Amino acid sequence: MKAIRRVTVRTVLPEPLHALGELALNLRWSWHPETRELFRSVDPEVWSATGEDPVRLLGEVPPQRLLALAADRRFLRRLQDAADDLRDYLLGERWYQRAQQDRLQQEGTELPSAIAYFSPEFGITAALPQYSGGLGILAGDHLKSASDLGVPVIGVGLLYRHGYFRQSLSRDGWQQERYPVLDPDELAVSLVREPDGSPCTVSLALPGGSRLTAQLWRAQVGRVPLLLLDSDVDSNAATERDVTDRLYGGGSGHRLLQEMLLGIGGVRAVRAYCRLTGHPAPEVFHTNEGHAGFLGVERIRELVADRGLETGAALEAVRAGTVFTTHTPVPAGIDRFDRELVRRHFSGDAALEGVPVEEVLALGEETWEGGDPELFNMAAMGLRLAQRANGVSTLHGKVSRAMFGGLWPGFDPEEVPITSITNGVHAPTWIDPAVVRLGAREIGAERAEEAMVVGGERSWREIEGIHDEDVWRLRGRLRAQLVEEARRRLRVSWHQRGAGDAELGWIDSALDPEVLTIGFARRVPSYKRLTLMLRDPARLRKLLLHPERPVQIVVAGKAHPADDGGKRLIQEMVRFADDPELRHRIVFLPDYDMDMASRLYPGCDVWLNNPLRPLEACGTSGMKAALNGCLNLSVLDGWWDEWFDGQNGWAIPTAEGTGLGGALGPDGAGGNGIDVGSAGGEDGLDPERRDDLEAAALYDLVEDQVARRFYDRGADGLPGRWIEMVRHTLVTLGPKVLAGRMVREYVDRLYAPAARSQRALAAERYAGAGELAAWKARVRAAWPGVRVDHVESAGGSDSPELGSSLPLRVRVSLAGLTPGDVDVQVVAGRVDESDRIKDGAVVSLKPAAERPDLDGRCLYEGPLELNRTGPFGYTVRILPSHPALASPAELGLVAFPPETEGMSEGVLR
């Protein structure tokens, strides 16, 4: 019979083992090998059966075993050592605290007291399945690295009762989903409680007088608290209880409620947590993609309703302390809601006090050419509410500036104020312990740990001394480890597909620990091209079964439950891998998650990535592979476009731009003109033809370069050139791909400047915010009358020479503004055939007088240095200027001479 209710009864640990519970509830165990080994020793069989989850382990280990451990002096000493180590980790001075002292001494400035980091998903560990793919894994690595560095981050997300789906296959290879119920009492989370012991809750007003209430759970990620909002509470109606049912599920109304709860409810959760714990209030709010964008609206409400600010001043104060990271290079990846749906949820009895619904709607309006006025764009809101924004690789930053350039009309893409900070990965999570041990043997355990956390090229460079034999022996062990794991998972998968043991004898010989192993594991949207390797089945078959240089491929991936196209790609791959002649050389492993990924990366020799360029924002899976000595074979997209050097792997040529002419170097790939909203077919190239060309290039690389180098053995039986590439990959990419490097860049380039801006505007009861808002309003009102009236270069030669200068005189109309309100600039540089300035340099001209004349005009003068030969051109423009602006393009206002194409009076709020 079926139970009407399910509860989880937690184990009461014997007093001597009390520290085990504390260790289990701090997720540092997920990346700390010594703590994991301690839990394994509690009961190795139960540890394995519970998926290496300490909370479940302690709930299922027999009581008599716990009693025996409580009397085991050796175990208790190990437990005390682990507890002391965790305490030192939590309380000791780390990179951020040392950087804080340096800033105070050298600059007299302080780093942010706290940063709130919002994301719809967090991939901390497979034991807390609150992630679906790269966005969540990146968020988890961000928190873990912040913890290792001592950065005072508070994570904010949702607690999904079903998480993301678990994947299996039908007999014919069709993806099947199931959504196990997650009981918080079985997870490494704790309910946040009020002083009276009641659960801490936050609530949102909804249309029709109803309310959405959520309770707060805390997952402790090392030093970082992660607050997870859970709507499955008794006071909610059924619809509201289901708001946090599953990740990326439901229709647009359901998704909007999730994002309102994440953004608005998340800010309220942070306030409650700081009130209850004394944690410093965040000075900076970082939204990881647009899903949490409503956090800015809630913070405006706080300042208007609680501090009495005008809406404009509140907006400026919020923008100053907000960072927005975009992860998508395609408009289709952005959440957009029907404008009227948003209106209904922010008006009437659901309105936010002091924030008119029209103000909310304006934040997400698609005002650019080609935008849809009936839709509310979450990324547009995120950019409008953040003074600082970034993409997640150099190439993605470039793509983002082009994609979102409509918010800053009149500016060239390179001037759009979206920078880039290339993603990184948390090395202690993703490097196999055997790799760490080998490195530690060469440079010492402490330096190896520091190299993984903080980086530093010197420590990584010293591992060049590891002998070839040691490198190759390690690679062989890791490959054999993967083969064993793949066979185990294959057997489980085939049992789920209905096969009996009698027909699965072949699995014992599936894959070969001596064969070149290529890995491919991704989510399965079409642009990642799971099945590109199948374009020419005969050619792939030849590679797999080559008599002297065989290749084997391990594939994994999940399609979104609503994406039948992705499911068909998986089915096509599975059917190919089911071929009895090939199944010992290519396997598809279902239910790709963090646990599988951590075993795939170390065991593969080559990591394959073949997206449509430039649709891969970063692609961090290849970084994790590289940290384990796996070589990358990838299209020059995302991070690989940035750091491929010709010796750390191979670049798959792409068909756009430059065409196909062999493996391309770091600067050899085209694609700058790609329509990033499409999935192929740019430059007039048929998508099918493009896939054919790029698949052929992939086959050629594998056959002629990759496999030959792997099997090219010297007299000592070792592939010397391959090992050198492995060593070079570790030495050159190791310090670059670290999440520690990434988080330090966020601190230095975005968090610290945002905190300074926020403090400046908040000083003296937000006087600076009020002044900036009034100034912006005055500038916007006057801007239609701001213009360049006349430009002359008197006295210049008809044939100017290199090193000479042109004296410029520019007369402008300021329409009531003062010279202090604007910056009159000369932009000069090389020009192309259509007289477009390329690589322009900017020089500010000086006003000849402190005030405009009676007609509101002002004369500006200055020399233009002619510092390059060849075709050269210049133009003049006027920009708003204020010390509180983070970028000259911030307002989206610029005035050109009347004859200049692209003259614009667009406004960015």
# chains A, B, ... in the order shown; residues from 1 in each chain; ligands from 1

call {"tool": "select_by_dssp", "arguments": {"residues": "region 47-175 of chain A", "states": "strand (DSSP E or B)", "output": "list in words"}}
result
Ile115, Ala116, Tyr117, Phe118, Phe122, Gln130, Val153, Ile154, Gly155, Val156, Gly157, Leu158, Arg166, Gln167, Ser168, Leu169 and Gln175 of chain A

call {"tool": "write_last_selection", "arguments": {"atoms": "N, CA and C atoms", "output": "JSON list (two decimals), in the first residue's frame"}}
result
[["chain", "number", "residue", "atom", "x", "y", "z"],
["A", 115, "ILE", "N", 28.88, 40.53, -1.06],
["A", 115, "ILE", "CA", 28.33, 40.49, -2.42],
["A", 115, "ILE", "C", 27.23, 39.44, -2.45],
["A", 116, "ALA", "N", 26.07, 39.81, -2.95],
["A", 116, "ALA", "CA", 24.98, 38.84, -3.12],
["A", 116, "ALA", "C", 25.01, 38.34, -4.56],
["A", 117, "TYR", "N", 25.05, 37.03, -4.73],
["A", 117, "TYR", "CA", 25.20, 36.41, -6.06],
["A", 117, "TYR", "C", 23.96, 35.58, -6.34],
["A", 118, "PHE", "N", 23.17, 36.01, -7.33],
["A", 118, "PHE", "CA", 21.88, 35.39, -7.64],
["A", 118, "PHE", "C", 22.00, 34.54, -8.91],
["A", 122, "PHE", "N", 22.39, 26.20, -9.18],
["A", 122, "PHE", "CA", 23.72, 26.10, -8.59],
["A", 122, "PHE", "C", 24.15, 24.64, -8.62],
["A", 130, "GLN", "N", 20.52, 20.76, -8.00],
["A", 130, "GLN", "CA", 19.82, 22.02, -8.27],
["A", 130, "GLN", "C", 20.45, 22.72, -9.48],
["A", 153, "VAL", "N", 30.72, 36.30, -0.13],
["A", 153, "VAL", "CA", 29.57, 36.17, -1.04],
["A", 153, "VAL", "C", 28.42, 35.49, -0.30],
["A", 154, "ILE", "N", 27.20, 35.91, -0.63],
["A", 154, "ILE", "CA", 25.99, 35.20, -0.23],
["A", 154, "ILE", "C", 25.32, 34.73, -1.52],
["A", 155, "GLY", "N", 25.16, 33.44, -1.68],
["A", 155, "GLY", "CA", 24.47, 32.90, -2.85],
["A", 155, "GLY", "C", 22.97, 32.90, -2.64],
["A", 156, "VAL", "N", 22.22, 33.11, -3.72],
["A", 156, "VAL", "CA", 20.76, 33.14, -3.64],
["A", 156, "VAL", "C", 20.19, 32.37, -4.83],
["A", 157, "GLY", "N", 19.33, 31.39, -4.54],
["A", 157, "GLY", "CA", 18.68, 30.61, -5.59],
["A", 157, "GLY", "C", 17.36, 30.06, -5.11],
["A", 158, "LEU", "N", 16.84, 29.09, -5.83],
["A", 158, "LEU", "CA", 15.59, 28.43, -5.49],
["A", 158, "LEU", "C", 15.86, 26.97, -5.15],
["A", 166, "ARG", "N", 16.00, 13.29, -14.13],
["A", 166, "ARG", "CA", 16.91, 12.16, -14.31],
["A", 166, "ARG", "C", 16.59, 11.53, -15.66],
["A", 167, "GLN", "N", 17.61, 11.12, -16.36],
["A", 167, "GLN", "CA", 17.47, 10.65, -17.74],
["A", 167, "GLN", "C", 17.73, 9.15, -17.84],
["A", 168, "SER", "N", 16.88, 8.47, -18.62],
["A", 168, "SER", "CA", 17.13, 7.09, -19.01],
["A", 168, "SER", "C", 16.74, 6.96, -20.48],
["A", 169, "LEU", "N", 16.92, 5.79, -21.04],
["A", 169, "LEU", "CA", 16.62, 5.55, -22.45],
["A", 169, "LEU", "C", 15.61, 4.43, -22.59],
["A", 175, "GLN", "N", 14.95, 9.44, -25.26],
["A", 175, "GLN", "CA", 15.16, 9.94, -23.90],
["A", 175, "GLN", "C", 13.86, 9.87, -23.09]]

call {"tool": "closest_atom_pairs", "arguments": {"of": "region 71-158 of chain A", "to": "region 515-527 of chain A", "cutoff": "12 Å", "atoms": "only C-alpha atoms", "output": "CSV"}}
result
residue,atom,partner,partner_atom,distance
A:Tyr131,CA,A:Arg523,CA,11.8
A:Ser132,CA,A:Arg523,CA,8.3
A:Gly133,CA,A:Arg523,CA,6.6
A:Gly134,CA,A:Arg523,CA,8.4
A:Leu135,CA,A:Arg523,CA,11.1

call {"tool": "write_last_selection", "arguments": {"atoms": "all heavy atoms", "output": "PDB file, in the first residue's frame"}}
result
ATOM      1  N   TYR A 131      20.732  21.950 -10.511  1.00  0.00           N
ATOM      2  CA  TYR A 131      21.404  22.479 -11.691  1.00  0.00           C
ATOM      3  C   TYR A 131      20.981  21.672 -12.905  1.00  0.00           C
ATOM      4  O   TYR A 131      20.515  20.535 -12.793  1.00  0.00           O
ATOM      5  CB  TYR A 131      22.923  22.401 -11.521  1.00  0.00           C
ATOM      6  CG  TYR A 131      23.426  20.981 -11.367  1.00  0.00           C
ATOM      7  CD1 TYR A 131      23.834  20.232 -12.466  1.00  0.00           C
ATOM      8  CD2 TYR A 131      23.462  20.362 -10.117  1.00  0.00           C
ATOM      9  CE1 TYR A 131      24.264  18.925 -12.326  1.00  0.00           C
ATOM     10  CE2 TYR A 131      23.901  19.057  -9.968  1.00  0.00           C
ATOM     11  CZ  TYR A 131      24.301  18.351 -11.069  1.00  0.00           C
ATOM     12  OH  TYR A 131      24.725  17.049 -10.937  1.00  0.00           O
ATOM     13  N   SER A 132      21.153  22.278 -14.093  1.00  0.00           N
ATOM     14  CA  SER A 132      20.872  21.550 -15.322  1.00  0.00           C
ATOM     15  C   SER A 132      22.072  21.504 -16.251  1.00  0.00           C
ATOM     16  O   SER A 132      22.204  20.575 -17.032  1.00  0.00           O
ATOM     17  CB  SER A 132      19.705  22.201 -16.072  1.00  0.00           C
ATOM     18  OG  SER A 132      20.097  23.434 -16.653  1.00  0.00           O
ATOM     19  N   GLY A 133      22.934  22.511 -16.188  1.00  0.00           N
ATOM     20  CA  GLY A 133      24.041  22.536 -17.131  1.00  0.00           C
ATOM     21  C   GLY A 133      25.075  23.570 -16.757  1.00  0.00           C
ATOM     22  O   GLY A 133      25.295  23.875 -15.578  1.00  0.00           O
ATOM     23  N   GLY A 134      25.683  24.158 -17.787  1.00  0.00           N
ATOM     24  CA  GLY A 134      26.833  25.023 -17.587  1.00  0.00           C
ATOM     25  C   GLY A 134      26.587  26.226 -16.706  1.00  0.00           C
ATOM     26  O   GLY A 134      27.464  26.629 -15.935  1.00  0.00           O
ATOM     27  N   LEU A 135      25.410  26.853 -16.820  1.00  0.00           N
ATOM     28  CA  LEU A 135      25.117  28.035 -16.003  1.00  0.00           C
ATOM     29  C   LEU A 135      25.179  27.693 -14.522  1.00  0.00           C
ATOM     30  O   LEU A 135      25.781  28.417 -13.716  1.00  0.00           O
ATOM     31  CB  LEU A 135      23.739  28.596 -16.359  1.00  0.00           C
ATOM     32  CG  LEU A 135      23.308  29.836 -15.575  1.00  0.00           C
ATOM     33  CD1 LEU A 135      24.131  31.040 -15.981  1.00  0.00           C
ATOM     34  CD2 LEU A 135      21.827  30.117 -15.797  1.00  0.00           C
TER      35      LEU A 135
END

call {"tool": "closest_residue", "arguments": {"among": "A:Arg857, A:His467, A:His546, A:Lys776", "to": "Leu315 (chain A)", "atoms": "only C-alpha atoms"}}
result
A:Lys776

call {"tool": "select_by_dssp", "arguments": {"residues": "region 34-79 of chain A", "states": "helix (DSSP H, G or I)", "output": "MDAnalysis selection string"}}
result
chainID A and resid 34:42 44:49 54:60 63:70 73:79

call {"tool": "write_last_selection", "arguments": {"atoms": "N, CA and C atoms", "output": "compact mmCIF listing (two decimals), in the first residue's frame"}}
result
# COMPACT_ATOMS: atom_id res chain seq x y z
N GLU A 34 40.22 14.68 1.80
CA GLU A 34 40.41 14.07 3.12
C GLU A 34 39.08 13.87 3.84
N THR A 35 38.18 14.84 3.73
CA THR A 35 36.87 14.70 4.38
C THR A 35 36.05 13.62 3.69
N ARG A 36 36.14 13.55 2.37
CA ARG A 36 35.42 12.50 1.65
C ARG A 36 35.93 11.12 2.06
N GLU A 37 37.23 11.00 2.20
CA GLU A 37 37.80 9.72 2.60
C GLU A 37 37.37 9.35 4.01
N LEU A 38 37.22 10.35 4.88
CA LEU A 38 36.73 10.08 6.24
C LEU A 38 35.32 9.50 6.18
N PHE A 39 34.45 10.10 5.38
CA PHE A 39 33.09 9.58 5.26
C PHE A 39 33.07 8.19 4.62
N ARG A 40 33.93 7.97 3.65
CA ARG A 40 33.97 6.65 3.02
C ARG A 40 34.32 5.58 4.05
N SER A 41 35.22 5.92 4.97
CA SER A 41 35.66 4.93 5.94
C SER A 41 34.58 4.60 6.97
N VAL A 42 33.53 5.44 7.05
CA VAL A 42 32.43 5.13 7.97
C VAL A 42 31.80 3.80 7.58
N PRO A 44 32.20 1.82 3.67
CA PRO A 44 32.43 1.95 2.23
C PRO A 44 31.26 1.50 1.37
N GLU A 45 30.57 0.44 1.76
CA GLU A 45 29.45 -0.05 0.94
C GLU A 45 28.29 0.92 0.96
N VAL A 46 27.94 1.42 2.13
CA VAL A 46 26.84 2.39 2.22
C VAL A 46 27.22 3.69 1.53
N TRP A 47 28.48 4.10 1.68
CA TRP A 47 28.97 5.31 1.00
C TRP A 47 28.75 5.21 -0.50
N SER A 48 29.09 4.07 -1.07
CA SER A 48 28.89 3.88 -2.50
C SER A 48 27.41 3.81 -2.85
N ALA A 49 26.63 3.09 -2.05
CA ALA A 49 25.21 2.91 -2.33
C ALA A 49 24.42 4.21 -2.24
N PRO A 54 27.21 12.32 2.18
CA PRO A 54 27.36 12.15 3.63
C PRO A 54 26.05 12.19 4.40
N VAL A 55 25.10 13.04 4.00
CA VAL A 55 23.83 13.12 4.73
C VAL A 55 23.08 11.80 4.62
N ARG A 56 22.99 11.26 3.43
CA ARG A 56 22.32 9.97 3.26
C ARG A 56 23.11 8.85 3.93
N LEU A 57 24.42 8.94 3.88
CA LEU A 57 25.26 7.94 4.54
C LEU A 57 24.93 7.86 6.03
N LEU A 58 24.90 9.01 6.69
CA LEU A 58 24.64 9.02 8.13
C LEU A 58 23.22 8.58 8.46
N GLY A 59 22.32 8.70 7.48
CA GLY A 59 20.96 8.25 7.70
C GLY A 59 20.77 6.77 7.49
N GLU A 60 21.69 6.12 6.78
CA GLU A 60 21.50 4.72 6.43
C GLU A 60 22.53 3.77 7.04
N PRO A 63 23.15 1.53 13.09
CA PRO A 63 23.49 2.14 14.39
C PRO A 63 24.67 1.47 15.08
N GLN A 64 24.77 0.15 14.95
CA GLN A 64 25.87 -0.53 15.61
C GLN A 64 27.23 -0.11 15.05
N ARG A 65 27.25 0.24 13.77
CA ARG A 65 28.50 0.72 13.17
C ARG A 65 28.87 2.08 13.77
N LEU A 66 27.88 2.95 13.95
CA LEU A 66 28.14 4.25 14.56
C LEU A 66 28.67 4.10 15.98
N LEU A 67 28.09 3.15 16.73
CA LEU A 67 28.54 2.93 18.10
C LEU A 67 29.99 2.43 18.11
N ALA A 68 30.31 1.59 17.14
CA ALA A 68 31.68 1.09 17.06
C ALA A 68 32.65 2.23 16.74
N LEU A 69 32.27 3.11 15.82
CA LEU A 69 33.13 4.23 15.48
C LEU A 69 33.30 5.18 16.65
N ALA A 70 32.24 5.34 17.45
CA ALA A 70 32.31 6.24 18.60
C ALA A 70 33.33 5.76 19.62
N ARG A 73 39.35 4.94 18.64
CA ARG A 73 40.21 6.09 18.90
C ARG A 73 40.87 6.62 17.62
N ARG A 74 41.29 5.71 16.76
CA ARG A 74 41.92 6.16 15.52
C ARG A 74 40.93 6.96 14.68
N PHE A 75 39.71 6.47 14.55
CA PHE A 75 38.72 7.19 13.77
C PHE A 75 38.41 8.54 14.42
N LEU A 76 38.31 8.58 15.73
CA LEU A 76 37.99 9.83 16.42
C LEU A 76 39.11 10.85 16.24
N ARG A 77 40.36 10.40 16.18
CA ARG A 77 41.46 11.33 15.92
C ARG A 77 41.35 11.90 14.51
N ARG A 78 41.02 11.05 13.55
CA ARG A 78 40.84 11.54 12.18
C ARG A 78 39.67 12.51 12.11
N LEU A 79 38.60 12.20 12.81
CA LEU A 79 37.43 13.08 12.83
C LEU A 79 37.80 14.43 13.42

call {"tool": "closest_residue", "arguments": {"among": "A:Asp470, A:Glu298, A:Glu745, A:Glu359", "to": "Phe285 (chain A)", "atoms": "only C-alpha atoms"}}
result
A:Glu298

call {"tool": "residues_around", "arguments": {"residues": "region 835-843 of chain A", "least_positions_apart": "4", "cutoff": "9 Å", "atoms": "only C-alpha atoms", "output": "mmCIF file with N, CA and C atoms, in the first residue's frame"}}
result
data_model
loop_
_atom_site.group_PDB
_atom_site.id
_atom_site.type_symbol
_atom_site.label_atom_id
_atom_site.label_comp_id
_atom_site.auth_asym_id
_atom_site.auth_seq_id
_atom_site.Cartn_x
_atom_site.Cartn_y
_atom_site.Cartn_z
ATOM 1 N N VAL A 824 33.426 66.841 -25.580
ATOM 2 C CA VAL A 824 33.497 66.966 -27.038
ATOM 3 C C VAL A 824 34.761 66.246 -27.480
ATOM 4 N N GLN A 825 34.594 65.257 -28.323
ATOM 5 C CA GLN A 825 35.694 64.375 -28.667
ATOM 6 C C GLN A 825 35.962 64.356 -30.167
ATOM 7 N N VAL A 826 37.212 64.120 -30.501
ATOM 8 C CA VAL A 826 37.614 63.777 -31.859
ATOM 9 C C VAL A 826 37.921 62.282 -31.874
ATOM 10 N N VAL A 827 37.302 61.558 -32.794
ATOM 11 C CA VAL A 827 37.591 60.141 -32.980
ATOM 12 C C VAL A 827 38.304 60.011 -34.316
ATOM 13 N N ALA A 828 39.536 59.504 -34.301
ATOM 14 C CA ALA A 828 40.344 59.479 -35.517
ATOM 15 C C ALA A 828 41.054 58.139 -35.648
ATOM 16 N N GLY A 829 41.290 57.765 -36.899
ATOM 17 C CA GLY A 829 42.007 56.522 -37.127
ATOM 18 C C GLY A 829 41.943 56.090 -38.568
ATOM 19 N N ARG A 830 42.385 54.889 -38.809
ATOM 20 C CA ARG A 830 42.363 54.313 -40.151
ATOM 21 C C ARG A 830 40.931 54.206 -40.654
ATOM 22 N N VAL A 831 40.715 54.439 -41.945
ATOM 23 C CA VAL A 831 39.383 54.321 -42.525
ATOM 24 C C VAL A 831 39.393 53.271 -43.621
ATOM 25 N N GLY A 862 41.614 72.134 -30.238
ATOM 26 C CA GLY A 862 42.658 71.179 -29.879
ATOM 27 C C GLY A 862 43.333 70.623 -31.110
ATOM 28 N N LEU A 864 44.889 67.631 -33.541
ATOM 29 C CA LEU A 864 44.713 66.220 -33.884
ATOM 30 C C LEU A 864 46.036 65.705 -34.422
ATOM 31 N N PRO A 871 45.236 55.793 -45.434
ATOM 32 C CA PRO A 871 43.918 56.428 -45.318
ATOM 33 C C PRO A 871 43.587 56.728 -43.864
ATOM 34 N N PHE A 872 43.211 57.951 -43.579
ATOM 35 C CA PHE A 872 43.013 58.413 -42.210
ATOM 36 C C PHE A 872 41.785 59.305 -42.191
ATOM 37 N N GLY A 873 41.010 59.175 -41.169
ATOM 38 C CA GLY A 873 39.820 60.011 -41.082
ATOM 39 C C GLY A 873 39.486 60.355 -39.646
ATOM 40 N N TYR A 874 38.633 61.338 -39.496
ATOM 41 C CA TYR A 874 38.213 61.698 -38.149
ATOM 42 C C TYR A 874 36.782 62.204 -38.176
ATOM 43 N N THR A 875 36.161 62.171 -37.029
ATOM 44 C CA THR A 875 34.864 62.796 -36.848
ATOM 45 C C THR A 875 34.850 63.416 -35.459
#

call {"tool": "residues_around", "arguments": {"residues": "Arg549 (chain A)", "least_positions_apart": "3", "cutoff": "10 Å", "atoms": "only C-alpha atoms", "output": "ChimeraX atom specification"}}
result
/A:515-516,543-546,703,706-712

call {"tool": "residues_around", "arguments": {"residues": "Val304 (chain A)", "least_positions_apart": "4", "cutoff": "6 Å", "atoms": "only C-alpha atoms", "output": "short mmCIF file (atom, residue, chain, number, x, y, z; two decimals) with all heavy atoms, in the first residue's frame"}}
result
data_model
loop_
_atom_site.label_atom_id
_atom_site.label_comp_id
_atom_site.auth_asym_id
_atom_site.auth_seq_id
_atom_site.Cartn_x
_atom_site.Cartn_y
_atom_site.Cartn_z
N GLY A 308 12.52 56.85 1.37
CA GLY A 308 11.89 58.07 0.88
C GLY A 308 12.54 58.67 -0.34
O GLY A 308 12.34 59.85 -0.64
N LEU A 309 13.33 57.91 -1.11
CA LEU A 309 13.97 58.44 -2.31
C LEU A 309 12.97 58.56 -3.45
O LEU A 309 11.97 57.85 -3.51
CB LEU A 309 15.12 57.53 -2.75
CG LEU A 309 16.52 57.82 -2.18
CD1 LEU A 309 16.54 57.59 -0.69
CD2 LEU A 309 17.56 56.94 -2.89
N GLY A 354 5.70 52.27 -4.41
CA GLY A 354 6.63 53.28 -4.89
C GLY A 354 7.25 53.00 -6.24
O GLY A 354 8.07 53.79 -6.72
#

call {"tool": "residues_around", "arguments": {"residues": "Ala188 (chain A)", "least_positions_apart": "6", "cutoff": "7 Å", "atoms": "only C-alpha atoms", "output": "list in words"}}
result
Ala24, Leu25, Val55 and Ala219 of chain A

call {"tool": "residues_around", "arguments": {"residues": "Ile507 (chain A)", "least_positions_apart": "6", "cutoff": "12 Å", "atoms": "only C-alpha atoms", "output": "compact mmCIF listing (two decimals) with N, CA and C atoms, in the first residue's frame"}}
result
# COMPACT_ATOMS: atom_id res chain seq x y z
N VAL A 483 37.05 3.54 -18.29
CA VAL A 483 36.50 2.35 -18.96
C VAL A 483 35.68 1.52 -17.98
N GLU A 484 36.19 1.32 -16.79
CA GLU A 484 35.46 0.56 -15.78
C GLU A 484 34.14 1.24 -15.42
N GLU A 485 34.19 2.56 -15.25
CA GLU A 485 32.98 3.31 -14.89
C GLU A 485 31.97 3.27 -16.04
N ALA A 486 32.44 3.42 -17.27
CA ALA A 486 31.55 3.40 -18.42
C ALA A 486 30.85 2.05 -18.55
N ARG A 487 31.57 0.97 -18.33
CA ARG A 487 30.96 -0.36 -18.41
C ARG A 487 29.88 -0.51 -17.34
N ARG A 488 30.16 -0.02 -16.15
CA ARG A 488 29.15 -0.11 -15.07
C ARG A 488 27.88 0.65 -15.46
N ARG A 489 28.07 1.86 -15.97
CA ARG A 489 26.91 2.67 -16.34
C ARG A 489 26.18 2.08 -17.55
N LEU A 490 26.92 1.50 -18.48
CA LEU A 490 26.29 0.86 -19.63
C LEU A 490 25.37 -0.28 -19.17
N ARG A 491 25.85 -1.06 -18.23
CA ARG A 491 25.06 -2.19 -17.75
C ARG A 491 23.76 -1.70 -17.09
N VAL A 492 23.87 -0.66 -16.28
CA VAL A 492 22.68 -0.09 -15.64
C VAL A 492 21.72 0.42 -16.70
N SER A 493 22.24 1.13 -17.70
CA SER A 493 21.40 1.70 -18.75
C SER A 493 20.66 0.60 -19.52
N TRP A 494 21.36 -0.46 -19.89
CA TRP A 494 20.74 -1.53 -20.67
C TRP A 494 19.70 -2.29 -19.84
N HIS A 495 19.94 -2.41 -18.54
CA HIS A 495 18.90 -3.00 -17.70
C HIS A 495 17.65 -2.13 -17.70
N ALA A 499 16.97 -4.97 -21.11
CA ALA A 499 17.85 -6.08 -21.46
C ALA A 499 18.15 -6.94 -20.24
N ASP A 501 20.72 -9.96 -18.33
CA ASP A 501 22.16 -10.21 -18.22
C ASP A 501 22.67 -11.11 -19.34
N ASP A 578 24.52 1.58 -30.75
CA ASP A 578 23.98 0.24 -30.49
C ASP A 578 24.43 -0.79 -31.52
N PRO A 580 26.11 -3.59 -33.17
CA PRO A 580 26.99 -4.63 -32.56
C PRO A 580 28.43 -4.56 -33.04
N LEU A 582 30.07 -1.83 -33.57
CA LEU A 582 30.72 -0.60 -33.12
C LEU A 582 30.60 -0.36 -31.62
N ARG A 583 29.73 -1.07 -30.93
CA ARG A 583 29.41 -0.71 -29.56
C ARG A 583 30.56 -0.91 -28.59
N HIS A 584 31.63 -1.58 -29.01
CA HIS A 584 32.81 -1.66 -28.16
C HIS A 584 33.71 -0.44 -28.34
N ARG A 585 33.35 0.44 -29.33
CA ARG A 585 34.18 1.60 -29.61
C ARG A 585 33.45 2.94 -29.38
N ILE A 586 32.15 2.94 -29.27
CA ILE A 586 31.41 4.18 -29.02
C ILE A 586 30.24 3.86 -28.11
N VAL A 587 30.10 4.64 -27.04
CA VAL A 587 29.03 4.40 -26.06
C VAL A 587 28.33 5.71 -25.74

call {"tool": "atom_distance", "arguments": {"atom1": "CA of Gly565 (chain A)", "atom2": "CA of Trp650 (chain A)"}}
result
29.3 Å

call {"tool": "atom_distance", "arguments": {"atom1": "CA of Gly397 (chain A)", "atom2": "CA of Gly371 (chain A)"}}
result
21.0 Å

call {"tool": "closest_residue", "arguments": {"among": "A:Thr531, A:Ser400, A:Ser621, A:Thr732", "to": "Asp692 (chain A)", "atoms": "only C-alpha atoms"}}
result
A:Thr531
